[in-house]
Structures are given as C-alpha cells and as structure tokens.
Amino acid sequence: MKSDRLPVAIVGGGFSGTMVAAQLARKGIDAVLIDGSGRAGQGVAYSTSDAAHVLNIQADVMSAWPEDLEHFRRAVEVEGVTGRDFVQRRQFGTYLRGILGEALESGHLRLVEKQATEAEPSEDGWTVHLDNGERIAARGLVLAIGNQPPEKLPFGGGSVRVIDNPWGPEARAAIPALASSGGDVMLLGTGLTMVDAVLSLDAAGHGGRIVALSRRGLIPRGHTEGFAPAPVDAEDIPFGNVRTLWRWLRRRGAEIGWRAAVDGMRPHSHRLWQTLPPEEKRRFARHARPWWDVHRHRIAPEVAARLQSLIAEGRLTVLAGRIQSVREEEDRLVVNYRRRGSNQVAEDRFAYLINCTGPLGSIARTRDPLLKGMLADGLARPDEMGIALDVDEFSRIAGAKNAWAMGPLTKGRYWEMIAVPDIRGQAAAVADDIEAELGR
C-alpha cells in the first residue's frame, strides 16, 4: 500500500467488490479486498469454465465502467466478438480479472485470499477478523458478499443425492457423474439457475431425463432482435400500486410489444420499487415477481432455442407443481410431487435432486459468519422486506458508521441491483461517497 493511513476493507471479491476496489484505486484510496473463495475478480457467476454459459445481455452493455460504456466491447473485439454478441461468461470473468490486476498494480489495493469471519467497530473504524486468525484494521467497511447459496431443502434426510447449493463442489461433481451414468435428474426451480444446470448437463453429454419443477413452471424468455426501444417518461407510469402498474404494463405491452414495454421501465425501476408501500412490495413478491423475473431477466436467443430443442426432444420437461416428499431407496431418490391444478400425487425416481430455486431470500437465515455476527450484534439489520440489509440512499448500512453494502445485499432498497449496469453505477457512487466521507 502506498499510504500509511488505514485502508478500506472490502469483503467479497465478485463483480461488486472488484469494482468498488477498482474505483477506489483510481481515486488513490487504499483498500484491502478480502475473498476466500478463490474466485476474486470473478465471483460465482463469472468463474464458470463452461463455454455453454453465456451472458444474459449483449456485450455492448457489459462495460464495468459507467463512464466508458464501450470498454468491454473494445476488450473482446480482438477475439472477433461484436457488441451484439452474447459473450461467454468466462470471457467476462477474464475481463474482470484484468481490471482487478490493474487495481493491484496501482499499489492502492491488496488482495487477501482468506475468509472474513467477523467485523467489529473500532476506534479508527473497523477490525475484520479472518479465518486464519489475522486481523485487518480499516477506516471503512464495504460488504460486497453477493448472492448467497439458497436455504437447505426441507427434505431428503441429508442424502448426498439432494444437492442444496447449485454452485458448490457437490453440484459440479454431479454433472459429470450424471453424464457418464445417463441418470435422470430433477431440478427444483425453473429460473436462471436451472438454465445454467441444463446447459452444463447438455454440454457434458448427459442423455438422461431432466425434469425442472417450480410452483408456476415459468422459464426465462429469450432476447430477440427487431423491436424498437420505447422509452417512457416517469410521469406516465402509475407509481405506488402493483395492480394498477401491472395493468398499465400489460396494456402498453399489447401496444408496443412486451419486451419494449419491460425494457422501457428499466431506468425507473429503483423509484418504482421505493415508492411502493410495504404491503405492495409484499404483494409484488408473492404474486407478480415470478412473471416479472422471466420477462425482465431474459436469456440469450441461442440459449432459449436450445432449451426449446431439449423440450421438443423430450430430454427436458418443465412442470408446475410442488414436491410432497423425497426419500432415498438404494441408489435413487423417490420424489413425490403434485402438479399444479391436480389432486393426484405423482411419483418418480431420480439419481439427483438439485436445488435451483435461486439465491437466499431471507438475510436473517444467512450462513455467512461475518453477516450472521453483524446481524446478531446489531451492527446491521434486515430491510423492511427481510431480503437484504437495510441501507440508505448512499448504500450506507443503517446503524453502522463508515460501512457500506453493495449489490444483492442492497436489494431490499433497490430491488434491481443484480445486473452489471446497476452494480457498476452503484460501485462508482459508493466509491464517491467513501471519498467524501473518509477523504483521501
């Protein structure tokens, strides 16, 4: 580090943590990036080595720098990629590692590849405890832990064939095992995590059945060319009521196409969420969210086409329903489930059941030791929905001094805070606020 002053401690080395660190380095502010996952600079999403995993949006809008929106496109054009291409996620991971490398070379950033286990306020700011017993003194604290693994499934009795974390080593090992055996697999959840699992199985040569089950059986829609952007002014949007907003969106979608209607709302998403009363937010989460997610968070056209092909071939079946019970018999799982709208319970057998329901939805149930400790000690608190941390308009953690949160940890305030365009802007704003609050 170039300065004798205490650094800012950033916990989490995915996209949000990397970009806060890079922004601070450009400002000449010292920081320590703490990440014990072995994926610093990439995180879970962009550390995949699977060529089948591509970005869900085009290269043109994937720049890490809000002030230079062509930065990523220029970086990958040398590989023959155009701005309209849906690039492999591992290419974006390489791009982020390059940004991290530049920040480290600046001398203003140090990478500590250890697990942060505790954060406690100190006279000078914060002390972060690591799993090797080391302590890091810091002027400020940034939590950029990212999406956390889903909750453990309430059935399966601890069977190794029931995989709770779709991004963990057990899931990665199950893919080649299923490919070599040709065993059938059930994926619980039909969103983006399911899509990744299906693509990995397909790329590995899996020939067995894949059954994807969720309450509504909705899968992400695909991007498509050929529709004109349709920006909308804020004064034309009915804020504050989910039902009124939903009806307005459906009418507008019928007039201009649903993709244009959904995309036109993107610049207003934070305000839309923040103007909803708590009960309206809960109503959205209960009833509208599944429909919004599959239309808002779309997948590359080639991925959508591959999913439809697998469905047509009978290799992938997407069902709406709920699991009733799971038990293990010899080398198989016996899964009983009830399809939506039916009173009959179906029984099927699978080699594995993989939880693809998505990231943890209740911050109080986090298994991350640092977050768990901060919540228990009152150094942070859940937002009003209980899905993330309570933060203010500067992404400062409520009730904590000189502490900020990033990305999915601020979803309760912003809702739309998981995509690169959202997080890169937040990273720049948080870095500006740290500079203003802590000085150089």
# chains A, B, ... in the order shown; residues from 1 in each chain; ligands from 1

$ select_by_dssp --residues "stretch 222-278 of chain A" --states "alpha helix (DSSP H)" --output "PyMOL selection string"
chain A and resi 242-256+258-264+269-274+278

$ residues_around --residues "stretch 45-60 of chain A" --least-positions-apart "2" --cutoff "10 Å" --atoms "only C-alpha atoms" --output "ChimeraX atom specification"
/A:14-15,38-43,62-63,69-77,81-97,147,167,192,195-204,222-223,297-303,419-420

$ closest_residue --among "A:Ala320, A:Val326, A:Met374, A:Val335" --to "A:Gly158" --atoms "only C-alpha atoms"
A:Val326

$ residues_around --residues "A:Ile145" --least-positions-apart "6" --cutoff "10 Å" --atoms "only C-alpha atoms" --output "list of chain:residue names"
A:Ile10, A:Val11, A:Gly12, A:Gly13, A:Gly14, A:Phe15, A:Ser16, A:Gly17, A:Ile34, A:Asp35, A:Gly43, A:Asp368, A:Leu370, A:Leu371, A:Ala405, A:Met406, A:Gly407, A:Pro408, A:Leu409

$ residues_around --residues "A:Glu123" --least-positions-apart "5" --cutoff "12 Å" --atoms "only C-alpha atoms" --output "short mmCIF file (atom, residue, chain, number, x, y, z; two decimals) with C-alpha atoms, in the first residue's frame"
data_model
loop_
_atom_site.label_atom_id
_atom_site.label_comp_id
_atom_site.auth_asym_id
_atom_site.auth_seq_id
_atom_site.Cartn_x
_atom_site.Cartn_y
_atom_site.Cartn_z
CA LEU A 6 -5.69 2.61 7.28
CA ALA A 137 -7.74 -2.68 10.71
CA ALA A 138 -9.71 -0.46 8.36
CA ARG A 139 -11.13 3.05 8.14
CA GLY A 140 -14.26 1.84 6.40
CA LYS A 401 -20.63 4.08 10.93
CA ASN A 402 -18.45 4.14 7.83
#

$ closest_atom_pairs --of "stretch 334-378 of chain A" --to "stretch 205-219 of chain A" --cutoff "9 Å" --atoms "only C-alpha atoms" --output "Markdown table"
| residue | atom | partner | partner_atom | distance |
| --- | --- | --- | --- | --- |
| A:Arg339 | CA | A:Arg215 | CA | 8.5 |
| A:Arg340 | CA | A:Arg215 | CA | 7.1 |
| A:Phe350 | CA | A:Arg209 | CA | 8.8 |
| A:Cys356 | CA | A:Ala212 | CA | 8.9 |
| A:Thr357 | CA | A:Ser214 | CA | 8.1 |

$ residues_around --residues "stretch 111-121 of chain A" --least-positions-apart "5" --cutoff "6 Å" --atoms "only C-alpha atoms" --output "JSON, numbers by chain"
{"A": [32, 33, 34, 35, 36, 126, 127, 128, 129, 130, 131, 369, 370]}

$ atom_distance --atom1 "atom CA of A:Arg259" --atom2 "atom CA of A:Pro220"
12.5 Å

$ select_by_dssp --residues "stretch 67-164 of chain A" --states "strand (DSSP E or B)" --output "list of chain:residue names"
A:Gln88, A:Leu109, A:Arg110, A:Leu111, A:Val112, A:Ala116, A:Thr117, A:Glu118, A:Ala119, A:Glu120, A:Pro121, A:Trp126, A:Thr127, A:Val128, A:His129, A:Leu130, A:Arg135, A:Ile136, A:Ala137, A:Ala138, A:Gly140, A:Leu141, A:Val142, A:Leu143, A:Val162, A:Ile163

$ write_last_selection --atoms "N, CA, C and O atoms" --output "mmCIF file, in the first residue's frame"
data_model
loop_
_atom_site.group_PDB
_atom_site.id
_atom_site.type_symbol
_atom_site.label_atom_id
_atom_site.label_comp_id
_atom_site.auth_asym_id
_atom_site.auth_seq_id
_atom_site.Cartn_x
_atom_site.Cartn_y
_atom_site.Cartn_z
ATOM 1 N N GLN A 88 -19.394 -15.478 -23.897
ATOM 2 C CA GLN A 88 -19.242 -16.464 -22.826
ATOM 3 C C GLN A 88 -18.932 -15.763 -21.502
ATOM 4 O O GLN A 88 -18.161 -14.806 -21.456
ATOM 5 N N LEU A 109 -4.287 -1.237 -3.779
ATOM 6 C CA LEU A 109 -5.151 -2.363 -3.428
ATOM 7 C C LEU A 109 -4.308 -3.579 -3.076
ATOM 8 O O LEU A 109 -3.319 -3.880 -3.760
ATOM 9 N N ARG A 110 -4.727 -4.253 -2.017
ATOM 10 C CA ARG A 110 -4.110 -5.524 -1.622
ATOM 11 C C ARG A 110 -5.198 -6.592 -1.589
ATOM 12 O O ARG A 110 -6.314 -6.332 -1.121
ATOM 13 N N LEU A 111 -4.895 -7.770 -2.106
ATOM 14 C CA LEU A 111 -5.837 -8.888 -2.105
ATOM 15 C C LEU A 111 -5.465 -9.860 -0.994
ATOM 16 O O LEU A 111 -4.317 -10.316 -0.908
ATOM 17 N N VAL A 112 -6.431 -10.174 -0.146
ATOM 18 C CA VAL A 112 -6.242 -11.146 0.931
ATOM 19 C C VAL A 112 -7.194 -12.301 0.670
ATOM 20 O O VAL A 112 -8.415 -12.151 0.775
ATOM 21 N N ALA A 116 -13.404 -13.828 5.617
ATOM 22 C CA ALA A 116 -13.700 -12.895 6.704
ATOM 23 C C ALA A 116 -14.763 -13.510 7.603
ATOM 24 O O ALA A 116 -15.813 -13.938 7.133
ATOM 25 N N THR A 117 -14.477 -13.583 8.891
ATOM 26 C CA THR A 117 -15.382 -14.259 9.824
ATOM 27 C C THR A 117 -16.095 -13.316 10.781
ATOM 28 O O THR A 117 -17.121 -13.673 11.366
ATOM 29 N N GLU A 118 -15.573 -12.114 10.949
ATOM 30 C CA GLU A 118 -16.169 -11.187 11.920
ATOM 31 C C GLU A 118 -15.756 -9.765 11.581
ATOM 32 O O GLU A 118 -14.659 -9.524 11.074
ATOM 33 N N ALA A 119 -16.645 -8.819 11.839
ATOM 34 C CA ALA A 119 -16.320 -7.401 11.704
ATOM 35 C C ALA A 119 -16.812 -6.693 12.959
ATOM 36 O O ALA A 119 -17.969 -6.854 13.350
ATOM 37 N N GLU A 120 -15.934 -5.946 13.585
ATOM 38 C CA GLU A 120 -16.323 -5.233 14.797
ATOM 39 C C GLU A 120 -15.858 -3.783 14.719
ATOM 40 O O GLU A 120 -14.792 -3.491 14.172
ATOM 41 N N PRO A 121 -16.682 -2.872 15.229
ATOM 42 C CA PRO A 121 -16.278 -1.459 15.224
ATOM 43 C C PRO A 121 -15.047 -1.256 16.104
ATOM 44 O O PRO A 121 -14.863 -1.938 17.120
ATOM 45 N N TRP A 126 -13.037 -0.032 11.681
ATOM 46 C CA TRP A 126 -13.457 -1.425 11.789
ATOM 47 C C TRP A 126 -12.243 -2.341 11.912
ATOM 48 O O TRP A 126 -11.151 -2.024 11.425
ATOM 49 N N THR A 127 -12.472 -3.473 12.567
ATOM 50 C CA THR A 127 -11.490 -4.548 12.583
ATOM 51 C C THR A 127 -12.150 -5.781 11.997
ATOM 52 O O THR A 127 -13.199 -6.224 12.483
ATOM 53 N N VAL A 128 -11.545 -6.314 10.951
ATOM 54 C CA VAL A 128 -12.076 -7.502 10.287
ATOM 55 C C VAL A 128 -11.225 -8.702 10.676
ATOM 56 O O VAL A 128 -9.998 -8.690 10.511
ATOM 57 N N HIS A 129 -11.880 -9.728 11.197
ATOM 58 C CA HIS A 129 -11.193 -10.959 11.603
ATOM 59 C C HIS A 129 -11.238 -11.959 10.450
ATOM 60 O O HIS A 129 -12.281 -12.130 9.800
ATOM 61 N N LEU A 130 -10.127 -12.651 10.226
ATOM 62 C CA LEU A 130 -10.041 -13.644 9.163
ATOM 63 C C LEU A 130 -9.980 -15.053 9.751
ATOM 64 O O LEU A 130 -9.690 -15.231 10.944
ATOM 65 N N ARG A 135 -6.039 -10.212 11.718
ATOM 66 C CA ARG A 135 -6.993 -9.110 11.827
ATOM 67 C C ARG A 135 -6.543 -7.976 10.925
ATOM 68 O O ARG A 135 -5.349 -7.691 10.821
ATOM 69 N N ILE A 136 -7.522 -7.335 10.307
ATOM 70 C CA ILE A 136 -7.236 -6.213 9.417
ATOM 71 C C ILE A 136 -7.943 -4.978 9.956
ATOM 72 O O ILE A 136 -9.171 -4.980 10.124
ATOM 73 N N ALA A 137 -7.177 -3.941 10.257
ATOM 74 C CA ALA A 137 -7.740 -2.679 10.713
ATOM 75 C C ALA A 137 -8.077 -1.833 9.494
ATOM 76 O O ALA A 137 -7.302 -1.759 8.533
ATOM 77 N N ALA A 138 -9.250 -1.204 9.529
ATOM 78 C CA ALA A 138 -9.709 -0.461 8.362
ATOM 79 C C ALA A 138 -10.434 0.804 8.783
ATOM 80 O O ALA A 138 -11.048 0.872 9.845
ATOM 81 N N GLY A 140 -12.887 2.084 6.813
ATOM 82 C CA GLY A 140 -14.257 1.838 6.399
ATOM 83 C C GLY A 140 -14.443 0.396 6.009
ATOM 84 O O GLY A 140 -13.476 -0.348 5.783
ATOM 85 N N LEU A 141 -15.706 -0.018 5.918
ATOM 86 C CA LEU A 141 -16.047 -1.406 5.609
ATOM 87 C C LEU A 141 -17.063 -1.413 4.472
ATOM 88 O O LEU A 141 -18.057 -0.692 4.510
ATOM 89 N N VAL A 142 -16.807 -2.238 3.464
ATOM 90 C CA VAL A 142 -17.749 -2.438 2.370
ATOM 91 C C VAL A 142 -18.087 -3.918 2.296
ATOM 92 O O VAL A 142 -17.195 -4.757 2.146
ATOM 93 N N LEU A 143 -19.374 -4.237 2.429
ATOM 94 C CA LEU A 143 -19.825 -5.628 2.300
ATOM 95 C C LEU A 143 -20.319 -5.837 0.875
ATOM 96 O O LEU A 143 -21.308 -5.242 0.456
ATOM 97 N N VAL A 162 -29.277 -35.257 -2.705
ATOM 98 C CA VAL A 162 -30.007 -33.992 -2.665
ATOM 99 C C VAL A 162 -28.975 -32.878 -2.498
ATOM 100 O O VAL A 162 -28.330 -32.754 -1.463
ATOM 101 N N ILE A 163 -28.809 -32.066 -3.530
ATOM 102 C CA ILE A 163 -27.764 -31.044 -3.553
ATOM 103 C C ILE A 163 -28.400 -29.684 -3.295
ATOM 104 O O ILE A 163 -29.197 -29.193 -4.100
#

$ closest_residue --among "A:Pro154, A:Gly101, A:Gly191, A:Gly28" --to "A:Trp291" --atoms "only C-alpha atoms"
A:Gly191

$ decode --residues "stretch 56-92 of chain A" --atoms "N, CA, C and O atoms" --output "CSV table (one decimal), in the first residue's frame"
chain,number,residue,atom,x,y,z
A,56,ASN,N,-26.3,-13.0,-20.2
A,56,ASN,CA,-27.7,-12.8,-20.5
A,56,ASN,C,-28.0,-11.5,-21.2
A,56,ASN,O,-29.2,-11.3,-21.6
A,57,ILE,N,-27.0,-10.7,-21.4
A,57,ILE,CA,-27.2,-9.4,-22.1
A,57,ILE,C,-26.0,-9.3,-23.1
A,57,ILE,O,-25.0,-9.9,-22.9
A,58,GLN,N,-26.2,-8.4,-24.1
A,58,GLN,CA,-25.2,-8.3,-25.1
A,58,GLN,C,-23.9,-7.6,-24.6
A,58,GLN,O,-23.9,-6.8,-23.7
A,59,ALA,N,-22.8,-7.8,-25.3
A,59,ALA,CA,-21.5,-7.2,-24.9
A,59,ALA,C,-21.6,-5.7,-24.9
A,59,ALA,O,-20.9,-5.1,-24.1
A,60,ASP,N,-22.4,-5.1,-25.7
A,60,ASP,CA,-22.5,-3.6,-25.8
A,60,ASP,C,-22.8,-2.9,-24.4
A,60,ASP,O,-22.4,-1.8,-24.2
A,61,VAL,N,-23.5,-3.6,-23.6
A,61,VAL,CA,-23.9,-3.0,-22.3
A,61,VAL,C,-23.2,-3.6,-21.1
A,61,VAL,O,-23.7,-3.4,-20.0
A,62,MET,N,-22.1,-4.3,-21.3
A,62,MET,CA,-21.5,-5.0,-20.2
A,62,MET,C,-20.2,-4.3,-19.7
A,62,MET,O,-19.4,-5.0,-19.0
A,63,SER,N,-20.0,-3.1,-20.1
A,63,SER,CA,-18.8,-2.4,-19.5
A,63,SER,C,-18.8,-2.4,-18.0
A,63,SER,O,-19.9,-2.2,-17.4
A,64,ALA,N,-17.7,-2.5,-17.4
A,64,ALA,CA,-17.6,-2.4,-16.0
A,64,ALA,C,-17.5,-0.9,-15.5
A,64,ALA,O,-17.7,-0.6,-14.3
A,65,TRP,N,-17.3,0.0,-16.4
A,65,TRP,CA,-17.1,1.4,-16.1
A,65,TRP,C,-18.3,2.2,-16.6
A,65,TRP,O,-18.5,2.3,-17.8
A,66,PRO,N,-19.0,2.9,-15.8
A,66,PRO,CA,-20.2,3.6,-16.2
A,66,PRO,C,-19.8,4.8,-17.1
A,66,PRO,O,-20.7,5.3,-17.9
A,67,GLU,N,-18.6,5.3,-17.0
A,67,GLU,CA,-18.2,6.5,-17.8
A,67,GLU,C,-17.6,6.1,-19.1
A,67,GLU,O,-17.3,6.9,-20.0
A,68,ASP,N,-17.4,4.8,-19.4
A,68,ASP,CA,-16.9,4.3,-20.6
A,68,ASP,C,-17.7,3.0,-21.0
A,68,ASP,O,-17.2,1.9,-20.8
A,69,LEU,N,-18.8,3.2,-21.6
A,69,LEU,CA,-19.7,2.1,-21.9
A,69,LEU,C,-19.3,1.2,-23.0
A,69,LEU,O,-19.9,0.1,-23.2
A,70,GLU,N,-18.2,1.5,-23.7
A,70,GLU,CA,-17.7,0.6,-24.8
A,70,GLU,C,-16.5,-0.1,-24.3
A,70,GLU,O,-15.8,-0.8,-25.1
A,71,HIS,N,-16.1,0.0,-23.0
A,71,HIS,CA,-14.9,-0.6,-22.5
A,71,HIS,C,-14.8,-2.1,-22.7
A,71,HIS,O,-13.8,-2.7,-23.2
A,72,PHE,N,-15.9,-2.8,-22.4
A,72,PHE,CA,-15.9,-4.3,-22.5
A,72,PHE,C,-15.9,-4.7,-24.0
A,72,PHE,O,-15.2,-5.6,-24.4
A,73,ARG,N,-16.7,-4.0,-24.8
A,73,ARG,CA,-16.8,-4.3,-26.2
A,73,ARG,C,-15.4,-4.2,-26.9
A,73,ARG,O,-15.0,-5.1,-27.6
A,74,ARG,N,-14.7,-3.1,-26.5
A,74,ARG,CA,-13.3,-3.0,-27.1
A,74,ARG,C,-12.4,-4.1,-26.6
A,74,ARG,O,-11.6,-4.6,-27.4
A,75,ALA,N,-12.6,-4.6,-25.4
A,75,ALA,CA,-11.7,-5.6,-24.9
A,75,ALA,C,-11.9,-6.9,-25.6
A,75,ALA,O,-11.0,-7.7,-25.7
A,76,VAL,N,-13.1,-7.2,-26.0
A,76,VAL,CA,-13.4,-8.5,-26.6
A,76,VAL,C,-13.4,-8.5,-28.2
A,76,VAL,O,-13.5,-9.5,-28.8
A,77,GLU,N,-13.4,-7.3,-28.7
A,77,GLU,CA,-13.4,-7.2,-30.2
A,77,GLU,C,-12.2,-7.9,-30.8
A,77,GLU,O,-12.3,-8.4,-31.9
A,78,VAL,N,-11.1,-7.9,-30.1
A,78,VAL,CA,-9.9,-8.5,-30.6
A,78,VAL,C,-10.1,-10.0,-30.8
A,78,VAL,O,-9.3,-10.7,-31.5
A,79,GLU,N,-11.1,-10.6,-30.1
A,79,GLU,CA,-11.4,-12.0,-30.2
A,79,GLU,C,-12.5,-12.3,-31.3
A,79,GLU,O,-13.1,-13.3,-31.3
A,80,GLY,N,-12.8,-11.2,-32.1
A,80,GLY,CA,-13.8,-11.4,-33.1
A,80,GLY,C,-15.2,-11.2,-32.6
A,80,GLY,O,-16.2,-11.6,-33.3
A,81,VAL,N,-15.4,-10.7,-31.4
A,81,VAL,CA,-16.8,-10.5,-30.8
A,81,VAL,C,-17.3,-9.1,-31.2
A,81,VAL,O,-16.6,-8.2,-31.3
A,82,THR,N,-18.6,-9.1,-31.5
A,82,THR,CA,-19.2,-7.8,-31.8
A,82,THR,C,-20.0,-7.4,-30.6
A,82,THR,O,-20.3,-8.2,-29.7
A,83,GLY,N,-20.5,-6.1,-30.6
A,83,GLY,CA,-21.2,-5.6,-29.5
A,83,GLY,C,-22.6,-6.3,-29.3
A,83,GLY,O,-23.2,-6.2,-28.2
A,84,ARG,N,-23.1,-6.9,-30.4
A,84,ARG,CA,-24.4,-7.5,-30.3
A,84,ARG,C,-24.3,-9.0,-29.9
A,84,ARG,O,-25.4,-9.6,-29.8
A,85,ASP,N,-23.1,-9.5,-29.7
A,85,ASP,CA,-23.0,-10.9,-29.3
A,85,ASP,C,-23.2,-11.1,-27.8
A,85,ASP,O,-23.0,-10.2,-27.0
A,86,PHE,N,-23.7,-12.3,-27.5
A,86,PHE,CA,-23.8,-12.7,-26.1
A,86,PHE,C,-22.6,-13.6,-25.8
A,86,PHE,O,-22.5,-14.7,-26.1
A,87,VAL,N,-21.7,-12.9,-25.1
A,87,VAL,CA,-20.3,-13.5,-24.9
A,87,VAL,C,-20.3,-14.5,-23.8
A,87,VAL,O,-21.1,-14.5,-22.9
A,88,GLN,N,-19.4,-15.5,-23.9
A,88,GLN,CA,-19.2,-16.5,-22.8
A,88,GLN,C,-18.9,-15.8,-21.5
A,88,GLN,O,-18.2,-14.8,-21.5
A,89,ARG,N,-19.5,-16.3,-20.4
A,89,ARG,CA,-19.3,-15.6,-19.1
A,89,ARG,C,-17.9,-15.7,-18.7
A,89,ARG,O,-17.4,-14.8,-18.0
A,90,ARG,N,-17.2,-16.8,-19.1
A,90,ARG,CA,-15.8,-16.9,-18.7
A,90,ARG,C,-14.9,-15.8,-19.3
A,90,ARG,O,-13.9,-15.4,-18.8
A,91,GLN,N,-15.3,-15.3,-20.5
A,91,GLN,CA,-14.6,-14.2,-21.1
A,91,GLN,C,-14.8,-12.9,-20.3
A,91,GLN,O,-13.9,-12.1,-20.1
A,92,PHE,N,-16.0,-12.7,-19.8
A,92,PHE,CA,-16.3,-11.6,-18.9
A,92,PHE,C,-15.5,-11.7,-17.6
A,92,PHE,O,-15.0,-10.7,-17.1
